Amino acid sequence: ELDLLKSKMYANITHEFRTPLTLIRGNAGEISEHQDGETREKAKCIIQGSDKILFLVNQMLNLSKVEEGNVPLHYLQTDLVAFVKFVTGEFQGYAEMRKIHLHFESQVERLVMDVEKEMLEGSLSNLLSNAIKYTPGGGEVIVSLRRLALPETSDHQVEISVRDTGIGIPADKLDKIFIRFYRVEDLQLPCQEGTGIGLTLVSEYLKLMKGSVRVISSPGKGSEFVLTLPVTHNAEAEEIIYQSGNTFHKVEESKDDSRTIEC
Ligand code: ATP
Ligand code: MG
């Protein structure tokens with residue numbers, strides 16, 4: 001009962017942060033548009049700070065919802081390859097800022113399947129932000145996608161891996177990193193802000209999507225987080241344009257066509 005009460009209070013407080021924060025952000029946006037010089041720069045700082053808190057508040061709110069079992073799933077059939085490429089592209093600016101070489105590769109050109117876009121984007125974003133955050137400048141982050149056929153059954157799975165050449169995680173900490181608020185303290189690398197809820201959210205999302213997440217890591221060499229998802233074709237098909245940098249990927253699928261895709 002106490003646990004439930006704590007969880008509810010936590011969700012309510014988090015929720016209450018959102019409205020004033022949105023107002024602060026909106027006003028700072030107007031100031032930065034209409035003012036010049038130092039005032040404009042300071043307003044931009046307020047926007048950046050508010051965005052950071054808003055992101056954290058949303059992560060906490062999402063985690064409370066997941067823990068309460070209060071998250072409806074919305075699947076759509078879409079091209080997973082284009083979607084993962086698009087999400088990776090969103091991190092190009094951050095990677096460049098941290099002098100990290102970020103790239104995407106896929107064993108298959110196209111894979112139309114049921115995708116819970118919000119949860120998958122949330123999971124990938126957390127893995128990508130970790131990979132970039134915990135990799136020193138000059139390092140590499142590779143996102144790769146491969147399709148697995150399980151010989152014993154007719155089931156198919158897809159694996160999305162986020163691999164980095166960063167600081168790695170000590171073996172005795174590997175089973176703890178998915179626990180809420182757990183962080184491995186490493187004083188050698190700056191810019192390591194965080195609250196320790198990113199990976200908890202990833203593992204909860206993967207459970208909801210009937211998939212799994214595993215990690216392989218070697219301190220000083222790097223880490224690889226692998227998401228495994230079932231390949232199914234039950235949802236409505238969507239038509240979408242993914243915009244990543246200057247590239248547009250137009251994906252049009254009908255439900256029947258998508259069943260016959262061979263990769
Ligand atoms: P946030 O809530 O902002 O995501 P966080 O990044 O510290 O904070 P998690 O994403 O849950 O929290 O990760 C938990 C811990 O696992 C991190 O604090 C870090 O010590 C370790 N970790 C996660 N990903 C990596 C990685 N790619 N390389 C090295 N360590 C990692
Ligand atoms: Mg994180």
# chains A, B, ... in the order shown; residues from 1 in each chain; ligands from 1
>>> residues_around(residues="Ile142 of chain A", least_positions_apart="3", cutoff="6 Å", atoms="only C-alpha atoms", output="NGL selection string")
:A and (102-104 or 162-163)
>>> write_last_selection(atoms="N, CA, C and O atoms", output="PDB file, in the first residue's frame")
ATOM      1  N   LEU A 102      28.880   8.685 -35.382  1.00  0.00           N
ATOM      2  CA  LEU A 102      27.660   7.888 -35.213  1.00  0.00           C
ATOM      3  C   LEU A 102      27.207   7.376 -36.565  1.00  0.00           C
ATOM      4  O   LEU A 102      27.037   8.149 -37.506  1.00  0.00           O
ATOM      5  N   HIS A 103      27.056   6.055 -36.714  1.00  0.00           N
ATOM      6  CA  HIS A 103      26.481   5.591 -37.971  1.00  0.00           C
ATOM      7  C   HIS A 103      25.527   4.414 -37.826  1.00  0.00           C
ATOM      8  O   HIS A 103      25.485   3.748 -36.797  1.00  0.00           O
ATOM      9  N   PHE A 104      24.756   4.232 -38.915  1.00  0.00           N
ATOM     10  CA  PHE A 104      23.692   3.239 -38.921  1.00  0.00           C
ATOM     11  C   PHE A 104      23.947   2.227 -40.024  1.00  0.00           C
ATOM     12  O   PHE A 104      24.354   2.583 -41.120  1.00  0.00           O
ATOM     13  N   VAL A 162      22.920  -1.292 -30.329  1.00  0.00           N
ATOM     14  CA  VAL A 162      23.574   0.015 -30.184  1.00  0.00           C
ATOM     15  C   VAL A 162      24.919  -0.261 -29.522  1.00  0.00           C
ATOM     16  O   VAL A 162      24.982  -0.650 -28.362  1.00  0.00           O
ATOM     17  N   ARG A 163      25.980  -0.137 -30.323  1.00  0.00           N
ATOM     18  CA  ARG A 163      27.323  -0.512 -29.853  1.00  0.00           C
ATOM     19  C   ARG A 163      28.194   0.735 -29.759  1.00  0.00           C
ATOM     20  O   ARG A 163      28.139   1.611 -30.612  1.00  0.00           O
TER      21      ARG A 163
END
>>> select_by_dssp(residues="segment 56-246 of chain A", states="helix (DSSP H, G or I)", output="ChimeraX atom specification")
/A:56-67,80-89,92-97,117-133,171-173,198-208
>>> residues_near_ligand(ligand="ligand 2", cutoff="8 Å", atoms="only C-alpha atoms and all ligand atoms", output="count of residues only")
10
>>> closest_residue(among="A:Glu193, A:Glu239, A:Glu204, A:Glu109", to="ligand 1", atoms="only C-alpha atoms and all ligand atoms")
A:Glu193
>>> closest_residue(among="A:Ile216, A:Leu54, A:Leu80, A:Ile169", to="Glu116 of chain A", atoms="only C-alpha atoms")
A:Leu80
>>> closest_atom_pairs(of="chain A", to="ligand 1", cutoff="9 Å", atoms="only C-alpha atoms and all ligand atoms", output="tab-separated table")
residue	atom	partner	partner_atom_place_in_ligand_line	distance
A:Leu56	CA	ligand 1	3 (O)	7.3
A:Gln59	CA	ligand 1	2 (O)	7.9
A:Met60	CA	ligand 1	2 (O)	8.7
A:Asn126	CA	ligand 1	4 (O)	6.2
A:Leu127	CA	ligand 1	24 (N)	6.7
A:Leu128	CA	ligand 1	27 (N)	7.8
A:Ser129	CA	ligand 1	6 (O)	7.6
A:Asn130	CA	ligand 1	24 (N)	4.6
A:Ala131	CA	ligand 1	27 (N)	3.8
A:Ile132	CA	ligand 1	27 (N)	7.3
A:Lys133	CA	ligand 1	27 (N)	7.5
A:Tyr134	CA	ligand 1	28 (N)	4.7
A:Thr135	CA	ligand 1	28 (N)	6.8
A:Val162	CA	ligand 1	27 (N)	8.2
A:Arg163	CA	ligand 1	27 (N)	7.5
A:Asp164	CA	ligand 1	27 (N)	6.4
A:Thr165	CA	ligand 1	28 (N)	8.4
A:Gly166	CA	ligand 1	28 (N)	5.8
A:Ile167	CA	ligand 1	29 (C)	5.4
A:Gly168	CA	ligand 1	29 (C)	4.4
A:Ile169	CA	ligand 1	30 (N)	5.1
A:Pro170	CA	ligand 1	30 (N)	8.7
A:Lys173	CA	ligand 1	16 (O)	8.3
A:Leu174	CA	ligand 1	16 (O)	7.9
A:Lys176	CA	ligand 1	16 (O)	8.1
A:Ile177	CA	ligand 1	14 (C)	4.7
A:Phe178	CA	ligand 1	11 (O)	6.0
A:Ile179	CA	ligand 1	11 (O)	7.3
A:Arg180	CA	ligand 1	11 (O)	6.9
A:Phe181	CA	ligand 1	11 (O)	6.8
A:Tyr182	CA	ligand 1	14 (C)	5.7
A:Arg183	CA	ligand 1	18 (O)	3.4
A:Val184	CA	ligand 1	20 (O)	3.5
A:Glu185	CA	ligand 1	20 (O)	6.0
A:Asp186	CA	ligand 1	20 (O)	7.3
A:Gln192	CA	ligand 1	7 (O)	7.2
A:Glu193	CA	ligand 1	7 (O)	6.6
A:Gly194	CA	ligand 1	8 (O)	3.3
A:Thr195	CA	ligand 1	2 (O)	3.9
A:Gly196	CA	ligand 1	12 (O)	3.1
A:Ile197	CA	ligand 1	2 (O)	3.8
A:Gly198	CA	ligand 1	4 (O)	3.4
A:Leu199	CA	ligand 1	11 (O)	3.7
A:Thr200	CA	ligand 1	11 (O)	5.7
A:Leu201	CA	ligand 1	11 (O)	7.7
A:Val202	CA	ligand 1	11 (O)	8.3
A:Ser217	CA	ligand 1	28 (N)	7.9
A:Pro219	CA	ligand 1	29 (C)	8.2
A:Gly222	CA	ligand 1	28 (N)	6.5
A:Ser223	CA	ligand 1	27 (N)	5.4
A:Glu224	CA	ligand 1	27 (N)	7.0
A:Phe225	CA	ligand 1	27 (N)	7.5
